[in-house]
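Reproduced below: my_file_36.tsv, with TSV, C-alpha atoms.
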```tsv
chain	number	residue	atom	x	y	z
A	1	MET	CA	0.00	0.00	0.00
A	2	LYS	CA	1.48	3.31	-1.14
A	3	TYR	CA	-1.48	5.68	-1.50
A	4	CYS	CA	-4.64	6.40	0.46
A	5	SER	CA	-7.64	4.73	-1.22
A	6	HIS	CA	-9.88	7.58	0.04
A	7	CYS	CA	-7.92	10.65	-1.06
A	8	ALA	CA	-4.92	9.40	-3.15
A	9	HIS	CA	-2.31	11.05	-0.92
A	10	PRO	CA	0.75	8.95	0.04
A	11	VAL	CA	0.34	6.86	3.20
A	12	VAL	CA	2.94	6.31	5.90
A	13	LEU	CA	3.50	3.21	8.02
A	14	ARG	CA	3.38	4.12	11.71
A	15	ILE	CA	1.74	3.23	15.01
A	16	PRO	CA	-1.39	5.40	15.43
A	17	ARG	CA	-1.98	7.06	18.80
A	18	GLY	CA	-3.64	4.57	21.17
A	19	ASP	CA	-2.75	1.60	18.94
A	20	GLY	CA	-0.01	-1.00	19.39
A	21	LEU	CA	0.79	-1.97	15.79
A	22	PRO	CA	2.09	-0.13	12.71
A	23	ARG	CA	-0.69	0.75	10.23
A	24	TYR	CA	-0.84	2.50	6.90
A	25	VAL	CA	-2.04	5.97	7.87
A	26	CYS	CA	-3.05	8.92	5.69
A	27	ASP	CA	-1.93	12.15	7.28
A	28	HIS	CA	-4.04	14.13	4.79
A	29	CYS	CA	-7.53	12.67	5.46
A	30	GLN	CA	-6.58	10.84	8.73
A	31	THR	CA	-7.80	7.45	7.50
A	32	ILE	CA	-6.16	4.41	9.12
A	33	HIS	CA	-6.02	1.48	6.68
A	34	TYR	CA	-6.28	-1.73	8.68
A	35	GLN	CA	-5.24	-5.04	7.14
A	36	ASN	CA	-6.68	-8.26	8.53
A	37	PRO	CA	-6.46	-12.04	7.98
A	38	LYS	CA	-8.57	-13.68	5.31
A	39	ILE	CA	-10.87	-16.66	5.72
A	40	VAL	CA	-10.52	-19.59	3.34
A	41	ALA	CA	-13.81	-21.54	3.43
A	42	GLY	CA	-13.73	-25.14	2.26
A	43	CYS	CA	-15.85	-28.25	2.14
A	44	ILE	CA	-15.31	-32.02	2.26
A	45	PRO	CA	-18.22	-33.11	0.04
A	46	GLU	CA	-19.35	-36.61	1.10
A	47	TRP	CA	-21.21	-39.28	-0.83
A	48	GLU	CA	-21.57	-42.56	1.07
A	49	ASP	CA	-17.99	-43.72	1.80
A	50	ARG	CA	-16.38	-41.42	-0.76
A	51	ILE	CA	-15.40	-37.74	-0.85
A	52	LEU	CA	-15.17	-35.36	-3.76
A	53	LEU	CA	-11.80	-33.90	-4.73
A	54	CYS	CA	-10.94	-31.55	-7.58
A	55	ARG	CA	-7.71	-31.22	-9.53
A	56	ARG	CA	-6.59	-27.60	-9.79
A	57	ALA	CA	-6.68	-25.88	-13.17
A	58	ILE	CA	-5.07	-22.75	-11.68
A	59	GLU	CA	-1.88	-21.73	-9.93
A	60	PRO	CA	-0.61	-22.22	-7.31
A	61	ARG	CA	-0.35	-26.01	-7.35
A	62	TYR	CA	-1.77	-26.46	-10.85
A	63	GLY	CA	-2.60	-30.13	-11.48
A	64	LEU	CA	-2.71	-31.18	-7.80
A	65	TRP	CA	-5.78	-32.36	-5.88
A	66	THR	CA	-7.69	-30.54	-3.17
A	67	VAL	CA	-11.13	-30.12	-1.64
A	68	PRO	CA	-13.21	-27.20	-2.91
A	69	ALA	CA	-12.11	-24.08	-1.00
A	70	GLY	CA	-11.54	-20.38	-1.54
A	71	PHE	CA	-11.68	-16.90	-0.05
A	72	MET	CA	-14.91	-16.02	1.72
A	73	GLU	CA	-16.66	-12.96	0.25
A	74	ASN	CA	-18.32	-10.03	1.99
A	75	GLY	CA	-22.00	-10.66	2.76
A	76	GLU	CA	-21.61	-14.45	3.02
A	77	THR	CA	-21.71	-16.88	5.91
A	78	VAL	CA	-18.71	-19.22	6.18
A	79	ALA	CA	-20.82	-22.31	5.42
A	80	GLY	CA	-22.43	-20.43	2.54
A	81	ALA	CA	-18.98	-19.65	1.15
A	82	ALA	CA	-17.95	-23.33	1.48
A	83	ALA	CA	-21.09	-24.42	-0.41
A	84	ARG	CA	-20.52	-21.77	-3.09
A	85	GLU	CA	-16.91	-22.88	-3.63
A	86	THR	CA	-18.15	-26.47	-3.91
A	87	LEU	CA	-20.65	-25.46	-6.58
A	88	GLU	CA	-18.12	-23.32	-8.48
A	89	GLU	CA	-15.30	-25.85	-8.48
A	90	THR	CA	-17.19	-29.16	-8.74
A	91	CYS	CA	-20.68	-28.17	-10.02
A	92	ALA	CA	-22.03	-30.16	-7.04
A	93	GLU	CA	-24.62	-29.19	-4.46
A	94	VAL	CA	-24.39	-29.97	-0.76
A	95	ASP	CA	-27.51	-30.03	1.41
A	96	SER	CA	-25.70	-29.84	4.74
A	97	CYS	CA	-22.54	-28.09	5.85
A	98	ARG	CA	-21.16	-28.78	9.34
A	99	LEU	CA	-18.04	-27.17	10.78
A	100	TYR	CA	-15.17	-29.67	10.89
A	101	ALA	CA	-11.87	-27.81	11.30
A	102	LEU	CA	-10.29	-24.44	12.03
A	103	PHE	CA	-6.66	-24.21	10.97
A	104	ASN	CA	-4.52	-21.09	11.32
A	105	LEU	CA	-1.81	-20.26	8.79
A	106	PRO	CA	-0.43	-17.23	10.64
A	107	HIS	CA	2.63	-16.85	8.39
A	108	ILE	CA	0.31	-15.97	5.50
A	109	SER	CA	-2.51	-14.47	7.62
A	110	GLN	CA	-5.11	-17.02	6.56
A	111	VAL	CA	-7.67	-18.94	8.60
A	112	TYR	CA	-9.05	-22.13	7.04
A	113	LEU	CA	-12.60	-23.02	8.09
A	114	LEU	CA	-13.48	-26.44	6.70
A	115	PHE	CA	-16.87	-28.13	6.68
A	116	ARG	CA	-18.25	-31.59	6.03
A	117	GLY	CA	-20.91	-31.32	3.34
A	118	ARG	CA	-23.35	-33.99	2.23
A	119	LEU	CA	-23.82	-34.11	-1.54
A	120	SER	CA	-27.47	-33.82	-2.56
A	121	ALA	CA	-26.74	-36.31	-5.36
A	122	PRO	CA	-23.62	-37.85	-6.92
A	123	ARG	CA	-23.70	-35.24	-9.66
A	124	PHE	CA	-20.53	-33.24	-10.34
A	125	ALA	CA	-18.32	-31.91	-13.12
A	126	PRO	CA	-15.20	-29.75	-13.36
A	127	GLY	CA	-15.86	-26.05	-12.78
A	128	ALA	CA	-13.82	-23.34	-14.49
A	129	GLU	CA	-10.94	-23.70	-11.99
A	130	SER	CA	-10.79	-27.53	-12.04
A	131	LEU	CA	-9.27	-30.01	-14.51
A	132	GLU	CA	-11.05	-33.04	-13.06
A	133	VAL	CA	-13.49	-33.79	-10.25
A	134	GLU	CA	-13.78	-37.26	-8.80
A	135	LEU	CA	-15.20	-39.23	-5.85
A	136	PHE	CA	-12.47	-41.04	-3.89
A	137	GLU	CA	-12.56	-43.85	-1.36
A	138	GLU	CA	-9.98	-43.50	1.39
A	139	ARG	CA	-7.63	-46.04	-0.17
A	140	ALA	CA	-7.64	-44.12	-3.48
A	141	ILE	CA	-6.84	-40.66	-2.06
A	142	PRO	CA	-3.82	-39.26	-3.99
A	143	TRP	CA	-1.88	-38.42	-0.80
A	144	ASP	CA	1.33	-37.56	-2.65
A	145	ARG	CA	-0.47	-35.29	-5.11
A	146	LEU	CA	-2.46	-33.11	-2.68
A	147	ALA	CA	-2.13	-29.37	-3.25
A	148	PHE	CA	-1.63	-28.04	0.30
A	149	PRO	CA	-0.39	-29.31	3.69
A	150	VAL	CA	-3.58	-28.00	5.36
A	151	ILE	CA	-5.67	-30.23	3.09
A	152	ARG	CA	-3.47	-33.27	3.81
A	153	GLU	CA	-3.81	-32.64	7.57
A	154	THR	CA	-7.58	-32.20	7.28
A	155	LEU	CA	-8.10	-35.40	5.28
A	156	ARG	CA	-5.77	-37.39	7.56
A	157	ARG	CA	-7.91	-36.39	10.56
A	158	TYR	CA	-11.14	-36.89	8.63
A	159	PHE	CA	-10.45	-40.52	7.75
A	160	ALA	CA	-9.23	-41.22	11.30
A	161	ASP	CA	-12.54	-39.80	12.59
A	162	ARG	CA	-14.48	-41.87	10.09
A	163	ARG	CA	-13.09	-45.01	11.70
A	164	THR	CA	-14.50	-43.92	15.08
A	165	GLY	CA	-17.71	-42.46	13.67
A	166	THR	CA	-17.30	-39.19	15.63
A	167	PHE	CA	-16.35	-35.86	14.10
A	168	PRO	CA	-15.23	-33.35	16.73
A	169	VAL	CA	-14.26	-29.88	15.52
A	170	HIS	CA	-10.49	-29.85	15.02
A	171	THR	CA	-8.28	-26.82	15.62
A	172	GLY	CA	-4.58	-26.28	15.03
A	173	ASP	CA	-1.87	-24.12	13.56
A	174	LEU	CA	-0.21	-25.08	10.28
A	175	LEU	CA	3.23	-23.51	10.30
A	176	PRO	CA	5.67	-23.31	7.38
A	177	GLU	CA	7.03	-26.66	6.17
A	178	GLY	CA	3.78	-28.31	7.25
A	179	VAL	CA	4.49	-28.34	10.99
A	180	VAL	CA	1.24	-28.74	12.95
A	181	ALA	CA	0.92	-27.17	16.40
A	182	ASP	CA	-1.80	-26.55	18.93
A	183	PRO	CA	-0.27	-24.46	21.72
A	184	TRP	CA	-3.63	-24.29	23.53
B	1	MET	CA	-12.53	3.09	-2.04
B	2	LYS	CA	-11.95	5.79	-4.66
B	3	TYR	CA	-8.27	5.50	-5.58
B	4	CYS	CA	-5.83	2.67	-6.21
B	5	SER	CA	-3.60	2.11	-3.16
B	6	HIS	CA	-0.78	0.98	-5.48
B	7	CYS	CA	-0.69	3.79	-8.06
B	8	ALA	CA	-3.19	6.48	-6.86
B	9	HIS	CA	-5.27	6.39	-10.07
B	10	PRO	CA	-9.07	6.32	-9.67
B	11	VAL	CA	-10.59	2.84	-9.36
B	12	VAL	CA	-13.81	1.64	-10.97
B	13	LEU	CA	-16.31	-0.88	-9.60
B	14	ARG	CA	-16.85	-3.67	-12.13
B	15	ILE	CA	-16.82	-7.45	-12.52
B	16	PRO	CA	-13.31	-8.53	-13.61
B	17	ARG	CA	-13.02	-11.05	-16.44
B	18	GLY	CA	-13.46	-14.57	-15.07
B	19	ASP	CA	-14.93	-13.30	-11.79
B	20	GLY	CA	-18.56	-13.24	-10.64
B	21	LEU	CA	-18.65	-10.23	-8.34
B	22	PRO	CA	-18.00	-6.48	-8.72
B	23	ARG	CA	-14.56	-5.44	-7.44
B	24	TYR	CA	-12.68	-2.18	-7.22
B	25	VAL	CA	-10.34	-2.40	-10.22
B	26	CYS	CA	-7.52	-0.10	-11.29
B	27	ASP	CA	-7.43	0.16	-15.08
B	28	HIS	CA	-4.04	1.88	-14.88
B	29	CYS	CA	-1.97	-0.76	-13.01
B	30	GLN	CA	-4.55	-3.61	-13.36
B	31	THR	CA	-4.73	-4.27	-9.60
B	32	ILE	CA	-7.96	-5.84	-8.35
B	33	HIS	CA	-8.72	-4.71	-4.80
B	34	TYR	CA	-10.56	-7.54	-3.05
B	35	GLN	CA	-12.51	-6.87	0.13
B	36	ASN	CA	-13.18	-9.73	2.54
B	37	PRO	CA	-14.93	-10.40	5.85
B	38	LYS	CA	-13.17	-9.70	9.11
B	39	ILE	CA	-12.74	-12.07	12.03
B	40	VAL	CA	-13.70	-10.90	15.52
B	41	ALA	CA	-11.89	-13.12	18.02
B	42	GLY	CA	-13.28	-13.27	21.55
B	43	CYS	CA	-12.92	-15.17	24.79
B	44	ILE	CA	-15.14	-16.23	27.68
B	45	PRO	CA	-12.57	-16.10	30.50
B	46	GLU	CA	-13.56	-18.63	33.19
B	47	TRP	CA	-12.69	-18.77	36.87
B	48	GLU	CA	-14.45	-21.56	38.78
B	49	ASP	CA	-18.20	-20.88	38.33
B	50	ARG	CA	-17.75	-17.28	37.20
B	51	ILE	CA	-16.82	-15.56	33.94
B	52	LEU	CA	-15.07	-12.28	33.33
B	53	LEU	CA	-16.93	-9.45	31.62
B	54	CYS	CA	-15.75	-5.95	30.81
B	55	ARG	CA	-17.73	-2.72	30.55
B	56	ARG	CA	-16.92	-0.84	27.36
B	57	ALA	CA	-15.07	2.47	27.61
B	58	ILE	CA	-15.39	3.01	23.84
B	59	GLU	CA	-18.10	3.39	21.23
B	60	PRO	CA	-20.15	1.64	20.00
B	61	ARG	CA	-22.12	0.59	23.08
B	62	TYR	CA	-20.14	2.67	25.56
B	63	GLY	CA	-20.95	1.60	29.12
B	64	LEU	CA	-22.39	-1.82	28.23
B	65	TRP	CA	-20.94	-5.21	29.16
B	66	THR	CA	-19.27	-7.75	26.90
B	67	VAL	CA	-16.63	-10.48	26.79
B	68	PRO	CA	-13.17	-9.44	25.61
B	69	ALA	CA	-13.20	-9.50	21.79
B	70	GLY	CA	-11.81	-7.59	18.83
B	71	PHE	CA	-10.49	-7.75	15.29
B	72	MET	CA	-7.90	-10.44	14.63
B	73	GLU	CA	-4.59	-9.04	13.32
B	74	ASN	CA	-2.35	-10.29	10.53
B	75	GLY	CA	0.21	-12.85	11.75
B	76	GLU	CA	-1.95	-14.09	14.62
B	77	THR	CA	-3.81	-17.32	15.27
B	78	VAL	CA	-7.49	-16.91	16.20
B	79	ALA	CA	-6.93	-18.26	19.72
B	80	GLY	CA	-3.88	-16.02	20.03
B	81	ALA	CA	-6.01	-13.03	19.08
B	82	ALA	CA	-8.68	-14.01	21.65
B	83	ALA	CA	-6.01	-14.27	24.38
B	84	ARG	CA	-4.49	-10.93	23.33
B	85	GLU	CA	-7.87	-9.18	23.46
B	86	THR	CA	-8.41	-10.67	26.93
B	87	LEU	CA	-5.07	-9.32	28.10
B	88	GLU	CA	-5.65	-5.88	26.53
B	89	GLU	CA	-9.20	-5.39	27.79
B	90	THR	CA	-9.06	-7.11	31.18
B	91	CYS	CA	-5.31	-7.36	32.00
B	92	ALA	CA	-5.98	-11.09	32.62
B	93	GLU	CA	-4.09	-14.10	31.31
B	94	VAL	CA	-5.71	-17.29	30.08
B	95	ASP	CA	-3.75	-20.55	29.97
B	96	SER	CA	-6.14	-22.39	27.67
B	97	CYS	CA	-8.30	-21.28	24.78
B	98	ARG	CA	-10.78	-23.75	23.26
B	99	LEU	CA	-13.07	-22.97	20.32
B	100	TYR	CA	-16.66	-22.52	21.50
B	101	ALA	CA	-18.69	-20.74	18.80
B	102	LEU	CA	-18.64	-19.51	15.22
B	103	PHE	CA	-21.28	-16.87	14.51
B	104	ASN	CA	-21.72	-15.17	11.14
B	105	LEU	CA	-22.88	-11.56	10.90
B	106	PRO	CA	-23.16	-11.46	7.10
B	107	HIS	CA	-24.91	-8.06	6.99
B	108	ILE	CA	-21.72	-6.46	8.35
B	109	SER	CA	-19.28	-9.04	6.90
B	110	GLN	CA	-17.98	-10.19	10.26
B	111	VAL	CA	-17.31	-13.69	11.60
B	112	TYR	CA	-17.18	-14.08	15.38
B	113	LEU	CA	-14.93	-16.88	16.64
B	114	LEU	CA	-15.37	-17.24	20.38
B	115	PHE	CA	-13.32	-19.35	22.75
B	116	ARG	CA	-13.57	-20.58	26.34
B	117	GLY	CA	-10.45	-19.49	28.19
B	118	ARG	CA	-9.32	-20.58	31.65
B	119	LEU	CA	-7.89	-17.73	33.72
B	120	SER	CA	-4.40	-18.49	35.03
B	121	ALA	CA	-5.36	-16.64	38.22
B	122	PRO	CA	-8.24	-14.40	39.35
B	123	ARG	CA	-6.17	-11.32	38.57
B	124	PHE	CA	-7.69	-8.66	36.33
B	125	ALA	CA	-8.13	-4.92	35.94
B	126	PRO	CA	-9.69	-2.58	33.35
B	127	GLY	CA	-7.58	-2.17	30.21
B	128	ALA	CA	-7.55	1.07	28.22
B	129	GLU	CA	-10.84	0.22	26.48
B	130	SER	CA	-12.72	-0.91	29.61
B	131	LEU	CA	-14.43	1.04	32.41
B	132	GLU	CA	-14.78	-1.97	34.71
B	133	VAL	CA	-13.89	-5.65	34.68
B	134	GLU	CA	-15.67	-8.11	36.93
B	135	LEU	CA	-16.25	-11.83	37.53
B	136	PHE	CA	-19.94	-12.77	37.28
B	137	GLU	CA	-21.90	-15.80	38.40
B	138	GLU	CA	-24.69	-16.77	36.01
B	139	ARG	CA	-27.38	-15.20	38.20
B	140	ALA	CA	-25.52	-11.86	38.23
B	141	ILE	CA	-25.01	-11.53	34.45
B	142	PRO	CA	-26.33	-8.09	33.36
B	143	TRP	CA	-28.48	-9.56	30.55
B	144	ASP	CA	-30.24	-6.26	29.83
B	145	ARG	CA	-26.96	-4.31	29.64
B	146	LEU	CA	-24.98	-6.55	27.27
B	147	ALA	CA	-23.36	-4.72	24.37
B	148	PHE	CA	-24.19	-6.99	21.39
B	149	PRO	CA	-26.80	-9.62	20.43
B	150	VAL	CA	-24.01	-12.06	19.47
B	151	ILE	CA	-22.64	-11.86	23.02
B	152	ARG	CA	-26.09	-12.42	24.53
B	153	GLU	CA	-26.60	-15.49	22.28
B	154	THR	CA	-23.16	-16.86	23.15
B	155	LEU	CA	-23.63	-16.47	26.91
B	156	ARG	CA	-27.16	-17.91	26.76
B	157	ARG	CA	-25.77	-21.07	25.11
B	158	TYR	CA	-22.74	-21.14	27.38
B	159	PHE	CA	-24.75	-21.25	30.61
B	160	ALA	CA	-27.12	-23.85	29.11
B	161	ASP	CA	-24.06	-26.00	28.28
B	162	ARG	CA	-22.68	-25.49	31.76
B	163	ARG	CA	-25.77	-27.19	33.16
B	164	THR	CA	-25.05	-30.29	31.04
B	165	GLY	CA	-21.27	-30.13	31.42
B	166	THR	CA	-20.66	-30.50	27.67
B	167	PHE	CA	-19.47	-27.73	25.39
B	168	PRO	CA	-20.01	-28.57	21.72
B	169	VAL	CA	-18.86	-25.99	19.17
B	170	HIS	CA	-21.86	-23.81	18.29
B	171	THR	CA	-22.49	-22.31	14.86
B	172	GLY	CA	-25.15	-19.94	13.64
B	173	ASP	CA	-26.00	-16.76	11.78
B	174	LEU	CA	-26.87	-13.60	13.70
B	175	LEU	CA	-29.04	-11.52	11.41
B	176	PRO	CA	-30.16	-7.90	11.93
B	177	GLU	CA	-32.48	-7.33	14.89
B	178	GLY	CA	-30.82	-10.25	16.67
B	179	VAL	CA	-32.54	-13.04	14.68
B	180	VAL	CA	-30.57	-16.30	14.99
B	181	ALA	CA	-30.59	-18.79	12.11
B	182	ASP	CA	-28.74	-21.93	11.16
B	183	PRO	CA	-29.85	-22.86	7.64
B	184	TRP	CA	-27.49	-25.87	7.60
```

Write-out of the structure in structure tokens:
Amino acid sequence: MKYCSHCAHPVVLRIPRGDGLPRYVCDHCQTIHYQNPKIVAGCIPEWEDRILLCRRAIEPRYGLWTVPAGFMENGETVAGAAARETLEETCAEVDSCRLYALFNLPHISQVYLLFRGRLSAPRFAPGAESLEVELFEERAIPWDRLAFPVIRETLRRYFADRRTGTFPVHTGDLLPEGVVADPW
Amino acid sequence: MKYCSHCAHPVVLRIPRGDGLPRYVCDHCQTIHYQNPKIVAGCIPEWEDRILLCRRAIEPRYGLWTVPAGFMENGETVAGAAARETLEETCAEVDSCRLYALFNLPHISQVYLLFRGRLSAPRFAPGAESLEVELFEERAIPWDRLAFPVIRETLRRYFADRRTGTFPVHTGDLLPEGVVADPW
């Protein structure tokens, strides 16, 4: 950020009075431009004993597999965003969406909120950002071709939970190099 | 947003190619300025059968009671943000922080993520943004002087859970006028 989006004057990075962190501040119109973490909303779409994965048609991680997920938009609910991403990337509809995991990626200021979604029907097709969309049994999951460590961690926990039949809400921090922590 | 924060040229609101929503776009440097929901991280600080509330010394809702909560910052984890807000607003430390509720406020593009925190000790004092900080038993909660509907809903569920001794993670949508929905 170089210029004030309200008045086009140059901004400076400094700690505003009464604040504890440096912010981009406009000394012309006095606007403080806060920057905050983004939510990535995602869904594990379920059909009987299989889940739906999509192969990315976009960078980063072109060609690798993931669950439908993307940045939440203003005006949405998190579950609504997860269902929308599912529809956009896999052309599939879910008729339920239950919170499954909260993972922090503090080094890139992202919070993943992942849901379990029940497909309304086994109908799906690649959306504009997917090369392929497919239902996978656990034994067929392409573990060495998953796009992101946070997705690998989520699916690892998901299939472990499936064996017990209980799905508690998971929380954790995914640090660089895929290290998983939960200091709380 | 009127001007591009990268190059100071005027922005226009339009749907970028390949996108589905209007964005502020700079036709000079081609930057697309996305705007996304913000996370409010909060904590219910617990000490034996009481919880810590603070009385707001700032607008909005000056003089009303709430749990410590505020906007999550870049580089934080959500639980880390909840613990920081607790320290800033009540000068109290929590030594655990477990996810308790996710509430969407889509009409103002906010997502509340609320935790149960255990106080390390019954030591607290008003921070810069609080007039008073106090431990409350359930029967002493100032229900008619709480600052926000989302806090009232959270505490209502919290004390109901306390009677059963189980604390599932709650989710829901808080719509204008305090209407609570969970379409999923």

task = Compute the chain B side of the contact with chain A at 8 Å, counting all atoms listed in the file, and hand it back as JSON, numbers by chain.
result = {"B": [1, 2, 3, 4, 5, 6, 7, 8, 9, 35, 36, 37, 38, 39, 71, 72, 73, 74, 75, 76, 77, 78, 79, 95, 96, 97, 98, 99, 104, 105, 106, 107, 108, 109, 111, 169, 171, 173, 184]}

C-alpha atoms of the current selection, written as a compact mmCIF listing (two decimals), in the coordinates of the input:
```
# COMPACT_ATOMS: atom_id res chain seq x y z
CA MET B 1 -12.53 3.09 -2.04
CA LYS B 2 -11.95 5.79 -4.66
CA TYR B 3 -8.27 5.50 -5.58
CA CYS B 4 -5.83 2.67 -6.21
CA SER B 5 -3.60 2.11 -3.16
CA HIS B 6 -0.78 0.98 -5.48
CA CYS B 7 -0.69 3.79 -8.06
CA ALA B 8 -3.19 6.48 -6.86
CA HIS B 9 -5.27 6.39 -10.07
CA GLN B 35 -12.51 -6.87 0.13
CA ASN B 36 -13.18 -9.73 2.54
CA PRO B 37 -14.93 -10.40 5.85
CA LYS B 38 -13.17 -9.70 9.11
CA ILE B 39 -12.74 -12.07 12.03
CA PHE B 71 -10.49 -7.75 15.29
CA MET B 72 -7.90 -10.44 14.63
CA GLU B 73 -4.59 -9.04 13.32
CA ASN B 74 -2.35 -10.29 10.53
CA GLY B 75 0.21 -12.85 11.75
CA GLU B 76 -1.95 -14.09 14.62
CA THR B 77 -3.81 -17.32 15.27
CA VAL B 78 -7.49 -16.91 16.20
CA ALA B 79 -6.93 -18.26 19.72
CA ASP B 95 -3.75 -20.55 29.97
CA SER B 96 -6.14 -22.39 27.67
CA CYS B 97 -8.30 -21.28 24.78
CA ARG B 98 -10.78 -23.75 23.26
CA LEU B 99 -13.07 -22.97 20.32
CA ASN B 104 -21.72 -15.17 11.14
CA LEU B 105 -22.88 -11.56 10.90
CA PRO B 106 -23.16 -11.46 7.10
CA HIS B 107 -24.91 -8.06 6.99
CA ILE B 108 -21.72 -6.46 8.35
CA SER B 109 -19.28 -9.04 6.90
CA VAL B 111 -17.31 -13.69 11.60
CA VAL B 169 -18.86 -25.99 19.17
CA THR B 171 -22.49 -22.31 14.86
CA ASP B 173 -26.00 -16.76 11.78
CA TRP B 184 -27.49 -25.87 7.60
```

ask   = What does the distance between CA of Cys91 in chain B and CA of Ser130 in chain B come to in Å, to one decimal place?
value =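 That distance, rounded to one decimal, is 10.1 Å.
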
inquiry  = Counting only C-alpha atoms, which residue out of A:His33, A:Glu88, A:Asp144, A:His28 sits closest to Leu13 in chain A?
reply    = A:His33

task = Would you mind telling me which residue in A:Gly63, A:Gly127, A:Pro16, A:Gly42 lies nearest to Thr154 in chain A when using all atoms listed in the file?
result =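 Checking each of A:Gly63, A:Gly127, A:Pro16, A:Gly42 against Thr154 in chain A, counting all atoms listed in the file, the winner is A:Gly42.
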
task = May I ask for the distance between CA of Leu155 in chain A and CA of Ala101 in chain B, given in Å to one decimal place?
result =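 Between these atoms lies a distance of 22.6 Å.
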
ask   = CA of Leu119 in chain B and CA of Ala81 in chain B, how far apart in Å?
value =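 Distance between the two atoms: 15.5 Å.
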
May I ask you to restore N, CA, C and O atoms in range 122-135 of chain A and write the result as a PDB file, in the frame of the given file?
```pdb
ATOM      1  N   PRO A 122     -24.980 -37.652  -6.404  1.00  0.00           N
ATOM      2  CA  PRO A 122     -23.620 -37.850  -6.920  1.00  0.00           C
ATOM      3  C   PRO A 122     -23.465 -37.245  -8.315  1.00  0.00           C
ATOM      4  O   PRO A 122     -23.096 -37.916  -9.266  1.00  0.00           O
ATOM      5  N   ARG A 123     -23.793 -35.957  -8.389  1.00  0.00           N
ATOM      6  CA  ARG A 123     -23.700 -35.240  -9.660  1.00  0.00           C
ATOM      7  C   ARG A 123     -22.630 -34.170  -9.528  1.00  0.00           C
ATOM      8  O   ARG A 123     -22.708 -33.316  -8.637  1.00  0.00           O
ATOM      9  N   PHE A 124     -21.635 -34.205 -10.410  1.00  0.00           N
ATOM     10  CA  PHE A 124     -20.530 -33.240 -10.340  1.00  0.00           C
ATOM     11  C   PHE A 124     -19.838 -33.182 -11.682  1.00  0.00           C
ATOM     12  O   PHE A 124     -20.015 -34.075 -12.534  1.00  0.00           O
ATOM     13  N   ALA A 125     -19.053 -32.125 -11.866  1.00  0.00           N
ATOM     14  CA  ALA A 125     -18.320 -31.910 -13.120  1.00  0.00           C
ATOM     15  C   ALA A 125     -17.273 -30.833 -12.836  1.00  0.00           C
ATOM     16  O   ALA A 125     -17.427 -30.047 -11.898  1.00  0.00           O
ATOM     17  N   PRO A 126     -16.204 -30.775 -13.615  1.00  0.00           N
ATOM     18  CA  PRO A 126     -15.200 -29.750 -13.360  1.00  0.00           C
ATOM     19  C   PRO A 126     -15.749 -28.342 -13.582  1.00  0.00           C
ATOM     20  O   PRO A 126     -16.366 -28.074 -14.613  1.00  0.00           O
ATOM     21  N   GLY A 127     -15.568 -27.466 -12.588  1.00  0.00           N
ATOM     22  CA  GLY A 127     -15.860 -26.050 -12.780  1.00  0.00           C
ATOM     23  C   GLY A 127     -14.702 -25.387 -13.517  1.00  0.00           C
ATOM     24  O   GLY A 127     -13.723 -26.051 -13.887  1.00  0.00           O
ATOM     25  N   ALA A 128     -14.810 -24.068 -13.681  1.00  0.00           N
ATOM     26  CA  ALA A 128     -13.820 -23.340 -14.490  1.00  0.00           C
ATOM     27  C   ALA A 128     -12.398 -23.460 -13.925  1.00  0.00           C
ATOM     28  O   ALA A 128     -11.426 -23.395 -14.676  1.00  0.00           O
ATOM     29  N   GLU A 129     -12.265 -23.664 -12.601  1.00  0.00           N
ATOM     30  CA  GLU A 129     -10.940 -23.700 -11.990  1.00  0.00           C
ATOM     31  C   GLU A 129     -10.449 -25.125 -11.726  1.00  0.00           C
ATOM     32  O   GLU A 129      -9.453 -25.320 -11.035  1.00  0.00           O
ATOM     33  N   SER A 130     -11.165 -26.126 -12.267  1.00  0.00           N
ATOM     34  CA  SER A 130     -10.790 -27.530 -12.040  1.00  0.00           C
ATOM     35  C   SER A 130     -10.545 -28.249 -13.364  1.00  0.00           C
ATOM     36  O   SER A 130     -11.244 -28.017 -14.351  1.00  0.00           O
ATOM     37  N   LEU A 131      -9.545 -29.148 -13.353  1.00  0.00           N
ATOM     38  CA  LEU A 131      -9.270 -30.010 -14.510  1.00  0.00           C
ATOM     39  C   LEU A 131     -10.141 -31.258 -14.468  1.00  0.00           C
ATOM     40  O   LEU A 131     -10.628 -31.723 -15.490  1.00  0.00           O
ATOM     41  N   GLU A 132     -10.284 -31.813 -13.264  1.00  0.00           N
ATOM     42  CA  GLU A 132     -11.050 -33.040 -13.060  1.00  0.00           C
ATOM     43  C   GLU A 132     -11.716 -32.956 -11.703  1.00  0.00           C
ATOM     44  O   GLU A 132     -11.179 -32.318 -10.784  1.00  0.00           O
ATOM     45  N   VAL A 133     -12.823 -33.655 -11.548  1.00  0.00           N
ATOM     46  CA  VAL A 133     -13.490 -33.790 -10.250  1.00  0.00           C
ATOM     47  C   VAL A 133     -13.864 -35.260 -10.116  1.00  0.00           C
ATOM     48  O   VAL A 133     -14.384 -35.863 -11.062  1.00  0.00           O
ATOM     49  N   GLU A 134     -13.580 -35.823  -8.927  1.00  0.00           N
ATOM     50  CA  GLU A 134     -13.780 -37.260  -8.800  1.00  0.00           C
ATOM     51  C   GLU A 134     -14.106 -37.637  -7.353  1.00  0.00           C
ATOM     52  O   GLU A 134     -13.592 -37.021  -6.424  1.00  0.00           O
ATOM     53  N   LEU A 135     -14.939 -38.683  -7.180  1.00  0.00           N
ATOM     54  CA  LEU A 135     -15.200 -39.230  -5.850  1.00  0.00           C
ATOM     55  C   LEU A 135     -14.110 -40.251  -5.517  1.00  0.00           C
ATOM     56  O   LEU A 135     -13.779 -41.105  -6.337  1.00  0.00           O
TER      57      LEU A 135
END
```
